[in-house]
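Colleague: The file below is structure16.tsv, TSV, C-alpha atoms:
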chain	number	residue	atom	x	y	z
U	1	MET	CA	114.47	76.18	99.85
U	2	VAL	CA	112.39	79.19	100.83
U	3	SER	CA	111.14	81.22	97.85
U	4	LEU	CA	110.98	84.97	97.51
U	5	LYS	CA	107.21	84.68	97.50
U	6	GLU	CA	107.19	83.01	100.93
U	7	VAL	CA	109.46	85.71	102.32
U	8	ILE	CA	107.18	88.45	100.99
U	9	GLU	CA	104.04	86.78	102.35
U	10	LYS	CA	105.35	85.65	105.75
U	11	LEU	CA	107.11	88.90	106.57
U	12	SER	CA	104.42	91.12	104.98
U	13	VAL	CA	107.05	93.31	103.38
U	14	GLU	CA	105.92	95.69	100.67
U	15	THR	CA	107.27	95.05	97.20
U	16	ILE	CA	108.16	98.22	95.32
U	17	SER	CA	109.82	96.92	92.17
U	18	THR	CA	108.70	94.45	89.53
U	19	MET	CA	108.87	90.90	90.81
U	20	THR	CA	110.72	89.23	87.99
U	21	SER	CA	110.48	85.81	89.58
U	22	LEU	CA	108.46	85.13	92.72
U	23	GLU	CA	109.56	81.52	92.75
U	24	ARG	CA	113.22	82.48	92.96
U	25	PRO	CA	114.81	80.60	95.85
U	26	VAL	CA	116.45	82.57	98.65
U	27	ALA	CA	119.70	80.74	99.37
U	28	GLY	CA	120.80	82.73	102.42
U	29	GLY	CA	120.67	86.03	104.24
U	30	TYR	CA	122.90	88.95	105.16
U	31	ALA	CA	122.39	92.13	107.16
U	32	SER	CA	124.58	95.24	107.27
U	33	ASP	CA	124.35	98.91	106.40
U	34	LEU	CA	127.91	99.02	105.10
U	35	LEU	CA	128.02	98.49	101.37
U	36	SER	CA	131.50	97.03	101.25
U	37	CYS	CA	130.52	94.50	103.87
U	38	ALA	CA	127.43	93.50	101.91
U	39	MET	CA	129.58	93.24	98.80
U	40	LYS	CA	131.85	90.82	100.60
U	41	GLY	CA	129.42	89.03	102.89
U	42	ALA	CA	126.30	88.54	100.78
U	43	LYS	CA	126.29	85.81	98.17
U	44	LYS	CA	124.48	85.22	94.92
U	45	ASP	CA	120.74	84.47	95.47
U	46	TRP	CA	120.84	85.72	99.06
U	47	ILE	CA	118.59	88.33	100.59
U	48	TRP	CA	120.11	91.51	102.05
U	49	VAL	CA	118.54	93.45	104.92
U	50	THR	CA	119.64	97.08	105.29
U	51	LEU	CA	118.31	100.50	106.16
U	52	GLN	CA	120.22	102.12	103.31
U	53	SER	CA	117.90	103.09	100.48
U	54	HIS	CA	120.04	104.99	97.99
U	55	VAL	CA	120.94	104.06	94.46
U	56	ASN	CA	124.19	102.26	95.33
U	57	VAL	CA	122.18	99.58	97.14
U	58	VAL	CA	120.91	98.59	93.69
U	59	ALA	CA	124.45	98.53	92.31
U	60	VAL	CA	125.61	96.18	95.07
U	61	ALA	CA	122.54	93.94	94.71
U	62	SER	CA	123.01	93.71	90.98
U	63	LEU	CA	126.75	93.05	91.12
U	64	VAL	CA	126.38	90.33	93.74
U	65	GLY	CA	123.28	88.86	92.05
U	66	LEU	CA	121.08	89.05	95.14
U	67	ALA	CA	117.59	87.52	95.19
U	68	GLY	CA	116.31	90.72	96.80
U	69	VAL	CA	116.88	93.57	99.24
U	70	ILE	CA	114.65	94.38	102.23
U	71	ILE	CA	114.95	98.06	103.19
U	72	THR	CA	114.01	98.52	106.84
U	73	GLU	CA	112.78	101.20	109.29
U	74	GLY	CA	110.47	102.87	106.80
U	75	ASN	CA	113.22	104.12	104.52
U	76	ARG	CA	112.07	104.38	100.92
U	77	PRO	CA	114.18	104.66	97.79
U	78	ASP	CA	113.76	107.73	95.58
U	79	PRO	CA	112.30	107.37	92.06
U	80	GLU	CA	115.76	107.34	90.50
U	81	THR	CA	116.77	104.38	92.64
U	82	LEU	CA	113.55	102.59	91.73
U	83	ALA	CA	114.17	103.21	88.04
U	84	ARG	CA	117.66	101.78	88.37
U	85	ALA	CA	116.28	98.74	90.20
U	86	GLU	CA	113.83	98.16	87.34
U	87	SER	CA	116.51	98.40	84.68
U	88	GLU	CA	118.89	96.11	86.55
U	89	GLY	CA	116.15	93.64	87.51
U	90	VAL	CA	116.82	94.10	91.24
U	91	VAL	CA	113.97	93.20	93.60
U	92	LEU	CA	113.41	95.83	96.31
U	93	MET	CA	111.12	95.42	99.32
U	94	VAL	CA	110.39	97.87	102.14
U	95	THR	CA	109.14	97.52	105.70
U	96	PRO	CA	108.61	99.82	108.67
U	97	ARG	CA	110.14	97.16	110.95
U	98	SER	CA	113.72	97.10	112.18
U	99	THR	CA	116.53	95.07	110.67
U	100	PHE	CA	116.73	93.00	113.86
U	101	SER	CA	113.11	91.90	113.75
U	102	ILE	CA	113.20	91.14	110.01
U	103	VAL	CA	116.33	89.03	110.39
U	104	GLY	CA	114.63	87.15	113.24
U	105	ASP	CA	111.74	86.24	110.96
U	106	LEU	CA	114.04	85.26	108.10
U	107	THR	CA	115.92	82.97	110.46
U	108	SER	CA	112.74	81.29	111.63
U	109	LEU	CA	111.86	80.67	107.96
U	110	GLY	CA	115.05	78.64	107.84
U	111	ILE	CA	117.17	81.18	105.95
U	112	LYS	CA	120.72	81.01	107.14
U	113	GLY	CA	123.67	83.35	106.94
U	114	ASP	CA	127.36	82.74	106.73
U	115	GLU	CA	128.36	80.87	109.88
U	116	GLY	CA	131.83	82.34	109.71
U	117	GLY	CA	135.07	80.54	110.23
X	1	MET	CA	96.27	84.33	64.05
X	2	LYS	CA	94.84	82.20	61.29
X	3	LYS	CA	93.78	84.18	58.23
X	4	GLU	CA	92.21	81.51	55.97
X	5	ILE	CA	88.92	81.03	57.68
X	6	ILE	CA	85.96	78.82	56.89
X	7	THR	CA	82.72	80.74	57.28
X	8	VAL	CA	79.01	80.22	56.63
X	9	SER	CA	76.23	82.63	55.72
X	10	PRO	CA	73.21	83.26	57.94
X	11	ASP	CA	71.07	81.43	55.39
X	12	THR	CA	73.03	78.18	55.57
X	13	SER	CA	70.85	75.44	57.00
X	14	MET	CA	71.85	73.53	60.12
X	15	ALA	CA	72.15	70.37	57.99
X	16	GLN	CA	74.62	72.11	55.68
X	17	LEU	CA	76.47	73.43	58.70
X	18	LYS	CA	76.86	69.88	59.96
X	19	GLU	CA	78.69	68.97	56.71
X	20	VAL	CA	80.92	72.06	56.92
X	21	LEU	CA	81.97	71.21	60.48
X	22	ARG	CA	82.40	67.52	59.70
X	23	LEU	CA	84.44	67.95	56.50
X	24	ASN	CA	86.75	70.55	58.03
X	25	ARG	CA	86.92	68.87	61.44
X	26	ILE	CA	86.19	72.09	63.27
X	27	SER	CA	83.92	72.85	66.19
X	28	GLY	CA	82.48	76.19	65.15
X	29	VAL	CA	82.47	78.83	62.42
X	30	PRO	CA	81.95	82.58	62.13
X	31	VAL	CA	78.83	83.70	60.30
X	32	LEU	CA	79.36	86.40	57.66
X	33	GLU	CA	76.81	88.50	55.83
X	34	GLY	CA	78.10	90.79	53.07
X	35	GLY	CA	81.62	90.43	54.43
X	36	LEU	CA	80.59	91.62	57.90
X	37	LEU	CA	80.77	89.42	60.97
X	38	VAL	CA	77.22	88.91	62.25
X	39	GLY	CA	77.62	85.93	64.57
X	40	VAL	CA	79.23	82.66	65.40
X	41	ILE	CA	77.79	79.15	65.46
X	42	SER	CA	79.23	76.17	67.26
X	43	ILE	CA	78.86	72.40	67.24
X	44	GLU	CA	76.90	72.75	70.49
X	45	ASP	CA	74.32	74.98	68.76
X	46	LEU	CA	74.15	72.39	65.98
X	47	LEU	CA	73.52	69.46	68.35
X	48	LYS	CA	70.74	71.29	70.16
X	49	ALA	CA	69.10	72.15	66.85
X	50	LEU	CA	69.32	68.55	65.62
X	51	VAL	CA	67.84	67.19	68.86
X	52	GLU	CA	64.96	69.59	68.47
X	53	GLY	CA	64.49	68.43	64.87
X	54	GLU	CA	65.45	71.73	63.32
X	55	ALA	CA	67.88	70.51	60.69
X	56	GLN	CA	66.47	72.81	58.03
X	57	THR	CA	66.46	75.94	60.20
X	58	PRO	CA	68.86	78.63	58.95
X	59	VAL	CA	71.98	79.35	61.00
X	60	ARG	CA	70.64	82.91	61.56
X	61	LYS	CA	68.13	81.61	64.11
X	62	ARG	CA	70.59	79.55	66.10
X	63	MET	CA	73.79	81.56	66.08
X	64	THR	CA	75.27	83.66	68.88
X	65	THR	CA	74.84	87.18	67.55
X	66	ARG	CA	77.41	88.97	69.62
X	67	PRO	CA	80.55	86.96	69.28
X	68	ILE	CA	83.56	87.95	71.35
X	69	THR	CA	85.96	89.81	69.12
X	70	VAL	CA	89.23	91.60	69.33
X	71	ARG	CA	90.29	94.38	66.94
X	72	GLN	CA	93.28	93.55	64.81
X	73	ASP	CA	95.14	96.69	65.93
X	74	GLU	CA	94.71	95.88	69.62
X	75	SER	CA	97.65	94.51	71.54
X	76	VAL	CA	98.19	90.85	72.32
X	77	VAL	CA	97.76	91.77	75.99
X	78	GLU	CA	94.15	92.82	75.26
X	79	ALA	CA	93.55	89.48	73.59
X	80	VAL	CA	94.99	87.60	76.56
X	81	LYS	CA	92.69	89.57	78.89
X	82	LYS	CA	89.66	88.62	76.79
X	83	PHE	CA	90.62	84.95	76.81
X	84	ALA	CA	90.76	85.09	80.60
X	85	GLN	CA	87.60	87.18	80.98
X	86	TYR	CA	85.29	85.17	78.69
X	87	LYS	CA	86.96	81.76	79.08
X	88	VAL	CA	86.74	81.14	75.33
X	89	GLY	CA	89.05	79.01	73.25
X	90	ARG	CA	89.19	81.36	70.28
X	91	LEU	CA	88.68	85.01	69.52
X	92	LEU	CA	87.45	86.46	66.23
X	93	VAL	CA	89.70	89.21	64.97
X	94	VAL	CA	87.99	92.08	63.12
X	95	ASP	CA	89.20	95.25	61.40
X	96	ASP	CA	87.78	98.64	62.35
X	97	GLN	CA	84.91	98.24	59.86
X	98	GLY	CA	83.82	94.99	61.46
X	99	HIS	CA	85.14	92.75	58.70
X	100	LEU	CA	86.50	89.44	59.87
X	101	ALA	CA	90.29	89.42	59.60
X	102	GLY	CA	91.16	86.13	61.27
X	103	ILE	CA	90.83	83.78	64.21
X	104	LEU	CA	93.12	83.83	67.21
X	105	THR	CA	93.55	80.85	69.55
X	106	GLY	CA	95.32	80.59	72.89
X	107	GLY	CA	97.84	78.36	71.12
X	108	ASP	CA	98.69	81.18	68.67
X	109	ILE	CA	99.61	83.44	71.58
X	110	THR	CA	101.71	80.81	73.30
X	111	ARG	CA	103.52	80.08	70.04
X	112	GLY	CA	104.14	83.81	69.44
X	113	LEU	CA	105.57	84.29	72.92
X	114	LEU	CA	107.78	81.24	72.59
X	115	GLU	CA	109.14	82.55	69.30
X	116	ALA	CA	109.86	85.96	70.87
X	117	ILE	CA	111.62	84.34	73.82
X	118	SER	CA	113.67	82.10	71.59
X	119	LEU	CA	114.63	85.06	69.34
X	120	ASN	CA	115.90	86.97	72.38
X	121	TYR	CA	117.70	83.93	73.63
X	122	HIS	CA	119.19	83.38	70.21
X	123	ALA	CA	120.46	86.97	69.98
X	124	GLU	CA	122.17	86.67	73.38
X	125	GLU	CA	123.60	83.29	72.36
X	126	ILE	CA	125.10	84.83	69.22
X	127	SER	CA	126.63	87.71	71.23
X	128	ARG	CA	128.09	85.22	73.65
X	129	TYR	CA	129.35	82.96	70.90
X	130	ARG	CA	131.07	85.84	69.12
X	131	ALA	CA	132.57	87.18	72.33
X	132	ARG	CA	133.81	83.79	73.49
X	133	HIS	CA	135.60	83.08	70.26
X	134	ILE	CA	137.34	86.40	70.00
X	135	PHE	CA	140.60	84.91	71.24
X	136	GLU	CA	140.40	82.04	68.76
X	137	ASP	CA	139.20	84.08	65.80
X	138	ILE	CA	141.76	86.84	66.05
X	139	VAL	CA	145.27	85.54	65.90
X	140	SER	CA	148.31	87.34	67.23
X	141	ASP	CA	151.24	86.48	69.46
X	142	GLN	CA	149.27	87.81	72.34
X	143	THR	CA	145.68	88.96	71.93
X	144	SER	CA	144.03	90.96	74.63
X	145	LEU	CA	140.87	92.94	74.90
X	146	ILE	CA	141.04	96.33	76.58
X	147	LEU	CA	137.97	97.92	78.10
X	148	ARG	CA	138.20	101.46	79.47
X	149	TYR	CA	135.74	102.98	81.88
X	150	ARG	CA	135.80	106.64	82.93
X	151	VAL	CA	134.62	107.25	86.49
X	152	LYS	CA	133.52	110.73	87.56
X	153	GLY	CA	134.52	111.99	91.00
X	154	LYS	CA	131.80	112.53	93.64
X	155	ASP	CA	129.18	111.11	91.29
X	156	PHE	CA	127.57	108.71	93.75
X	157	LYS	CA	124.49	108.22	91.62
X	158	SER	CA	126.55	106.50	88.94
X	159	GLY	CA	128.40	104.32	91.45
X	160	GLY	CA	128.66	100.78	90.14
X	161	THR	CA	127.93	101.64	86.51
X	162	ALA	CA	131.42	100.82	85.28
X	163	SER	CA	131.58	97.61	87.33
X	164	SER	CA	128.18	96.51	86.02
X	165	LYS	CA	129.29	97.00	82.44
X	166	LEU	CA	132.49	95.10	83.07
X	167	LYS	CA	130.55	92.29	84.73
X	168	ARG	CA	128.25	91.99	81.71
X	169	ALA	CA	131.22	91.95	79.34
X	170	LEU	CA	132.87	89.11	81.28
X	171	ASN	CA	129.67	87.11	81.33
X	172	ARG	CA	129.50	87.41	77.57
X	173	LEU	CA	133.09	86.40	77.25
X	174	GLY	CA	132.20	83.24	79.12
X	175	ALA	CA	134.26	83.80	82.27
X	176	SER	CA	133.31	81.49	85.15
X	177	PRO	CA	130.84	82.87	87.73
X	178	GLU	CA	133.53	82.86	90.43
X	179	VAL	CA	135.88	84.94	88.27
X	180	VAL	CA	133.06	87.32	87.37
X	181	ARG	CA	132.22	87.72	91.06
X	182	ARG	CA	135.80	88.54	92.02
X	183	VAL	CA	136.25	91.01	89.19
X	184	ALA	CA	132.88	92.64	89.92
X	185	ILE	CA	133.67	93.15	93.62
X	186	SER	CA	137.20	94.44	92.94
X	187	ALA	CA	136.02	96.79	90.22
X	188	TYR	CA	133.15	98.08	92.37
X	189	GLU	CA	135.39	98.84	95.33
X	190	ALA	CA	137.94	100.55	93.09
X	191	GLU	CA	135.19	102.50	91.35
X	192	MET	CA	133.77	103.71	94.66
X	193	ASN	CA	137.25	104.73	95.81
X	194	LEU	CA	137.60	106.91	92.72
X	195	ILE	CA	134.18	108.45	93.36
X	196	ILE	CA	134.79	109.06	97.07
X	197	HIS	CA	138.41	110.18	97.13
X	198	ALA	CA	139.49	111.51	93.72
X	199	ASP	CA	137.83	114.85	92.96
X	200	ASP	CA	138.42	114.44	89.24
X	201	GLY	CA	137.57	110.76	89.26
X	202	GLY	CA	139.76	108.39	87.33
X	203	GLU	CA	139.87	105.51	84.93
X	204	ILE	CA	139.43	101.77	85.19
X	205	VAL	CA	141.16	99.82	82.44
X	206	ALA	CA	140.41	96.13	82.19
X	207	GLU	CA	142.80	94.15	80.05
X	208	ILE	CA	141.36	90.75	79.34
X	209	LEU	CA	143.76	88.02	78.30
X	210	PRO	CA	142.86	84.37	77.71
X	211	GLU	CA	144.31	83.40	81.08
X	212	THR	CA	144.01	86.50	83.26
X	213	ILE	CA	142.27	89.81	83.75
X	214	ARG	CA	144.29	92.86	84.76
X	215	LEU	CA	142.49	95.85	86.20
X	216	THR	CA	144.45	99.08	86.30
X	217	VAL	CA	142.78	101.86	88.23
X	218	THR	CA	144.40	105.28	88.00
X	219	ASP	CA	143.56	108.68	89.39
X	220	GLU	CA	145.16	112.04	89.94
X	221	GLY	CA	143.59	112.34	93.35
X	222	PRO	CA	145.03	113.20	96.75
X	223	GLY	CA	147.22	110.10	97.00
X	224	ILE	CA	147.57	107.76	99.98
X	225	PRO	CA	150.16	108.81	102.63
X	226	ASP	CA	150.45	105.39	104.25
X	227	VAL	CA	149.60	102.53	101.88
X	228	GLU	CA	150.16	99.86	104.52
X	229	ARG	CA	147.66	101.50	106.84
X	230	ALA	CA	145.15	102.08	104.04
X	231	MET	CA	145.19	98.35	103.32
X	232	SER	CA	144.28	97.36	106.88
X	233	PRO	CA	140.61	96.47	107.32
X	234	GLY	CA	138.54	99.17	108.99
X	235	PHE	CA	140.89	102.05	108.25
X	236	SER	CA	139.14	104.82	106.38
X	237	THR	CA	139.61	108.49	105.66
X	238	ALA	CA	136.12	108.97	104.27
X	239	PRO	CA	134.20	111.89	105.81
X	240	ASN	CA	131.14	111.28	107.95
X	241	TRP	CA	128.52	112.10	105.36
X	242	ILE	CA	129.97	109.42	103.12
X	243	ARG	CA	130.00	106.90	105.96
X	244	GLU	CA	126.35	107.59	106.61
X	245	LEU	CA	125.63	106.37	103.10
X	246	GLY	CA	127.24	103.09	104.05
X	247	PHE	CA	130.54	103.74	102.29
X	248	GLY	CA	133.89	104.36	103.88
X	249	ALA	CA	133.78	101.25	106.04
X	250	GLY	CA	137.48	100.82	105.42
X	251	MET	CA	136.86	97.47	103.77
X	252	GLY	CA	137.39	98.42	100.13
X	253	LEU	CA	141.05	97.66	99.64
X	254	SER	CA	140.97	94.57	101.83
X	255	ASN	CA	137.95	93.30	99.87
X	256	ILE	CA	139.93	93.77	96.67
X	257	LYS	CA	142.90	91.97	98.17
X	258	LYS	CA	140.73	88.96	99.03
X	259	CYS	CA	139.39	88.78	95.48
X	260	ALA	CA	142.65	89.28	93.63
X	261	ASP	CA	145.33	86.76	92.77
X	262	SER	CA	147.75	89.62	93.08
X	263	MET	CA	147.43	93.29	93.75
X	264	SER	CA	149.73	96.27	93.85
X	265	LEU	CA	149.09	99.78	95.03
X	266	GLU	CA	151.37	102.70	94.27
X	267	SER	CA	150.57	106.15	95.46
X	268	LYS	CA	152.14	109.57	95.81
X	269	VAL	CA	150.55	112.27	97.92
X	270	SER	CA	148.97	115.01	95.77
X	271	VAL	CA	150.07	113.21	92.58
X	272	GLY	CA	147.76	110.24	92.39
X	273	THR	CA	147.30	106.53	92.82
X	274	VAL	CA	147.68	103.48	90.59
X	275	LEU	CA	146.04	100.27	91.70
X	276	GLU	CA	146.71	97.10	89.76
X	277	ILE	CA	144.64	93.98	90.30
X	278	ILE	CA	145.27	90.66	88.61
X	279	ILE	CA	142.68	87.93	88.65
X	280	SER	CA	143.22	84.54	87.04
X	281	MET	CA	140.57	83.23	84.65
X	282	HIS	CA	141.03	79.83	86.30
X	283	PRO	CA	140.76	80.48	90.02
X	284	ASP	CA	141.80	76.97	90.99
X	285	LEU	CA	145.11	77.30	89.18
X	286	GLY	CA	145.77	80.76	90.63
X	287	GLU	CA	149.06	81.66	92.22
X	288	GLY	CA	147.38	81.74	95.59
X	289	PRO	CA	147.46	84.63	97.96
X	290	ILE	CA	148.27	87.94	97.18
X	291	SER	CA	151.27	90.12	97.43
X	292	ALA	CA	150.90	93.77	98.10
X	293	LYS	CA	153.74	96.07	97.22
Let's see the structure in the file written out as structure tokens.

Modeller:
Amino acid sequence: MVSLKEVIEKLSVETISTMTSLERPVAGGYASDLLSCAMKGAKKDWIWVTLQSHVNVVAVASLVGLAGVIITEGNRPDPETLARAESEGVVLMVTPRSTFSIVGDLTSLGIKGDEGG
Amino acid sequence: MKKEIITVSPDTSMAQLKEVLRLNRISGVPVLEGGLLVGVISIEDLLKALVEGEAQTPVRKRMTTRPITVRQDESVVEAVKKFAQYKVGRLLVVDDQGHLAGILTGGDITRGLLEAISLNYHAEEISRYRARHIFEDIVSDQTSLILRYRVKGKDFKSGGTASSKLKRALNRLGASPEVVRRVAISAYEAEMNLIIHADDGGEIVAEILPETIRLTVTDEGPGIPDVERAMSPGFSTAPNWIRELGFGAGMGLSNIKKCADSMSLESKVSVGTVLEIIISMHPDLGEGPISAK
């Protein structure tokens, strides 16, 4: 399985919170800017791609037990959000690229999403 | 660190040093003069001296005079840095007057960290053990644990706080990951509904029984005119600025419905809303899908 470290290196995303475990496997991927959808669609140990950068992103990531969140299109969380991410042990990454292009790269790394059905 | 240390004086001969190292089965010793650390001498120094026929030379002439030290009030992190920087197997620990206080090895640090980790682990284990046995230890005809969480209206920054606390509590109580996931999602959606819609917020009460968890979410908010419609996926009354934050997708109640074994929603316009969610502790034995009143 692809590790968080490989994702960070291959996609050149910037890490902005403490990497508690670089070797953590990324079991799947999900993309949406709607928090309720992420809550329902993302699974434990998955990676979530979104352009939302406010503090509730951390709450969702922590409740679902995500491996990490990639925040796209140059959005950056405020210090309060970062502090919350640290205290909840949530891994946040940022990139200037779009959600579409990040998801494309994640897919070519072999990370899959829910196939539906 | 080790505090009982074998040392030699600068006037010890290399031949005597050989006996000290041999008898104690060690590979080097600190050199002390008047209690102060003046150097360190190793088995390598000894071998070179012997090869050169200098068995009677005093240690003073052969020792390394600036041994790598760490002050006893420095942090372990500093010590780890020095191990990495100088690639040494041991560090001499000195007090602020330069007196030798002990010897620190890489093994000491590893052992210390392992102890700290195991203490932490042990503390969490005890919390879990106590929590898991609450239903066995406290006997009544029906024991339940009630957890109340106050949720403030319009306080987006705190969104998810109550659900996170509830999630942690259930983990400690030993609920299965699937049950914890369902409760966490339901509680989060309900919590966000209170924040978004009820100006004065509301309360989430989790009643934990051995077999089920009942969440009762109450508010004195605006009420829901058409409950049926509110339950349908995609329907939302959230204003635009809230939608821009990624809330108000109209998925909250239907998410809860998917997670719950049963759910009921009662609401009166301008009086308030009561949402009750029941989730079985054993999802496989659950009553199956969902009835909404």

Colleague: Between X:Pro239, X:Gly153, X:Pro177, X:Pro67, single out the one closest to chain U, counting only C-alpha atoms.

Modeller: X:Pro177

Colleague: At a cut-off of 9 Å, using only C-alpha atoms, what residues contact Val13 of chain U? Leave out same-chain residues fewer than 4 positions from it and give the result as a list in words.

Modeller: Val7, Ile8, Glu9, Ile70, Met93, Val94, Thr95 and Pro96 of chain U

Colleague: If the cut-off is 8 Å, can you tell me the residues of chain U near chain X, counting all atoms listed in the file? I'd like them as an MDAnalysis selection string.

Modeller: chainID U and resid 33:37 39:40 52 54:56 59:60 62:64

Colleague: Find, counting only C-alpha atoms, the residue in U:Ala83, U:Val103, U:Val57, U:Ala67 that gets nearest to Met19 of chain U.

Modeller: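 Closest candidate: U:Ala67.
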
Colleague: Using all atoms listed in the file, which residues sit within 9 Å of Trp46 of chain U once same-chain residues fewer than 6 positions away are excluded, as a PyMOL selection string?

Modeller: chain U and resi 25-30+64-69+113

Colleague: Please save C-alpha atoms of the selected residues as a compact mmCIF listing (two decimals), in the coordinates of the input.

Modeller:
# COMPACT_ATOMS: atom_id res chain seq x y z
CA PRO U 25 114.81 80.60 95.85
CA VAL U 26 116.45 82.57 98.65
CA ALA U 27 119.70 80.74 99.37
CA GLY U 28 120.80 82.73 102.42
CA GLY U 29 120.67 86.03 104.24
CA TYR U 30 122.90 88.95 105.16
CA VAL U 64 126.38 90.33 93.74
CA GLY U 65 123.28 88.86 92.05
CA LEU U 66 121.08 89.05 95.14
CA ALA U 67 117.59 87.52 95.19
CA GLY U 68 116.31 90.72 96.80
CA VAL U 69 116.88 93.57 99.24
CA GLY U 113 123.67 83.35 106.94

Colleague: Using all atoms listed in the file for the distances, tell me which of U:Ser98, U:Ser108, U:Thr50, U:Thr81 is nearest to Ala31 of chain U.

Modeller: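 Among the listed residues, U:Thr50 lies closest to Ala31 of chain U.
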
Colleague: Determine, counting all atoms listed in the file, which protein, DNA and RNA residues have an atom within 7 Å of an atom of Leu92 of chain X; residues of the same chain fewer than 5 positions away are not included. Present the result as a PyMOL selection string.

Modeller: chain X and resi 68-70+102-104

Colleague: What lies within 8 Å of Leu275 of chain X using all atoms listed in the file, ignoring chain neighbours under 3 positions off, as a PyMOL selection string?

Modeller: chain X and resi 215-218+263-266

Colleague: Any idea what's packed within 12 Å of Lys81 of chain X, counting only C-alpha atoms, ignoring anything in its chain fewer than 4 positions away? Could you give it as number ranges by chain?

Modeller: X: 68-70, 74-77, 85-88, 91, 106, 109

Colleague: For a quick check of understanding, using all atoms listed in the file, which of U:Ala42, U:Val91, U:Thr107, U:Arg97 has the smallest distance to Leu22 of chain U?

Modeller: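 Nearest to Leu22 of chain U: U:Val91.
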
Colleague: Around (143.1, 87.5, 90.3) in the file's own coordinates, what residues are found within 10 Å if you use only C-alpha atoms, given back as a list in words?

Modeller: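 The distance filter leaves exactly Val179, Arg182, Val183, Ser186, Thr212, Ile213, Arg214, Leu215, Ile256, Lys257, Lys258, Cys259, Ala260, Asp261, Ser262, Met263, Ile277, Ile278, Ile279, Ser280, Met281, His282, Pro283, Gly286, Glu287, Gly288, Pro289 and Ile290 of chain X.
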
Colleague: Suppose we keep C-alpha atoms; can you now write the selection as a compact mmCIF listing (two decimals), in the frame of the given file?

Modeller:
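Writing the result to part-v7.txt gives the following:
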# COMPACT_ATOMS: atom_id res chain seq x y z
CA VAL X 179 135.88 84.94 88.27
CA ARG X 182 135.80 88.54 92.02
CA VAL X 183 136.25 91.01 89.19
CA SER X 186 137.20 94.44 92.94
CA THR X 212 144.01 86.50 83.26
CA ILE X 213 142.27 89.81 83.75
CA ARG X 214 144.29 92.86 84.76
CA LEU X 215 142.49 95.85 86.20
CA ILE X 256 139.93 93.77 96.67
CA LYS X 257 142.90 91.97 98.17
CA LYS X 258 140.73 88.96 99.03
CA CYS X 259 139.39 88.78 95.48
CA ALA X 260 142.65 89.28 93.63
CA ASP X 261 145.33 86.76 92.77
CA SER X 262 147.75 89.62 93.08
CA MET X 263 147.43 93.29 93.75
CA ILE X 277 144.64 93.98 90.30
CA ILE X 278 145.27 90.66 88.61
CA ILE X 279 142.68 87.93 88.65
CA SER X 280 143.22 84.54 87.04
CA MET X 281 140.57 83.23 84.65
CA HIS X 282 141.03 79.83 86.30
CA PRO X 283 140.76 80.48 90.02
CA GLY X 286 145.77 80.76 90.63
CA GLU X 287 149.06 81.66 92.22
CA GLY X 288 147.38 81.74 95.59
CA PRO X 289 147.46 84.63 97.96
CA ILE X 290 148.27 87.94 97.18

Colleague: Output: segment 59-66 of chain U of the preceding structure, restricted to N, CA, C and O atoms, written as a CSV table (one decimal), in the first residue's frame.

Modeller:
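As written to disk, part.csv reads:
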chain,number,residue,atom,x,y,z
U,59,ALA,N,-11.9,18.7,12.3
U,59,ALA,CA,-12.9,17.9,13.0
U,59,ALA,C,-13.3,16.6,12.3
U,59,ALA,O,-13.3,15.5,12.8
U,60,VAL,N,-13.6,16.8,11.0
U,60,VAL,CA,-14.0,15.7,10.1
U,60,VAL,C,-12.9,14.7,10.0
U,60,VAL,O,-13.1,13.5,10.2
U,61,ALA,N,-11.7,15.2,9.7
U,61,ALA,CA,-10.5,14.3,9.6
U,61,ALA,C,-10.3,13.5,10.8
U,61,ALA,O,-10.0,12.3,10.8
U,62,SER,N,-10.5,14.1,12.0
U,62,SER,CA,-10.2,13.4,13.2
U,62,SER,C,-11.3,12.4,13.5
U,62,SER,O,-11.0,11.3,13.9
U,63,LEU,N,-12.5,12.8,13.3
U,63,LEU,CA,-13.7,11.9,13.6
U,63,LEU,C,-13.6,10.7,12.6
U,63,LEU,O,-13.9,9.6,13.1
U,64,VAL,N,-13.3,10.9,11.4
U,64,VAL,CA,-13.2,9.7,10.5
U,64,VAL,C,-11.9,8.9,10.6
U,64,VAL,O,-11.9,7.7,10.3
U,65,GLY,N,-10.9,9.6,11.2
U,65,GLY,CA,-9.6,8.9,11.3
U,65,GLY,C,-8.8,8.8,10.0
U,65,GLY,O,-8.2,7.8,9.7
U,66,LEU,N,-8.8,10.0,9.3
U,66,LEU,CA,-8.2,10.0,8.0
U,66,LEU,C,-6.6,10.0,8.2
U,66,LEU,O,-6.1,10.4,9.2
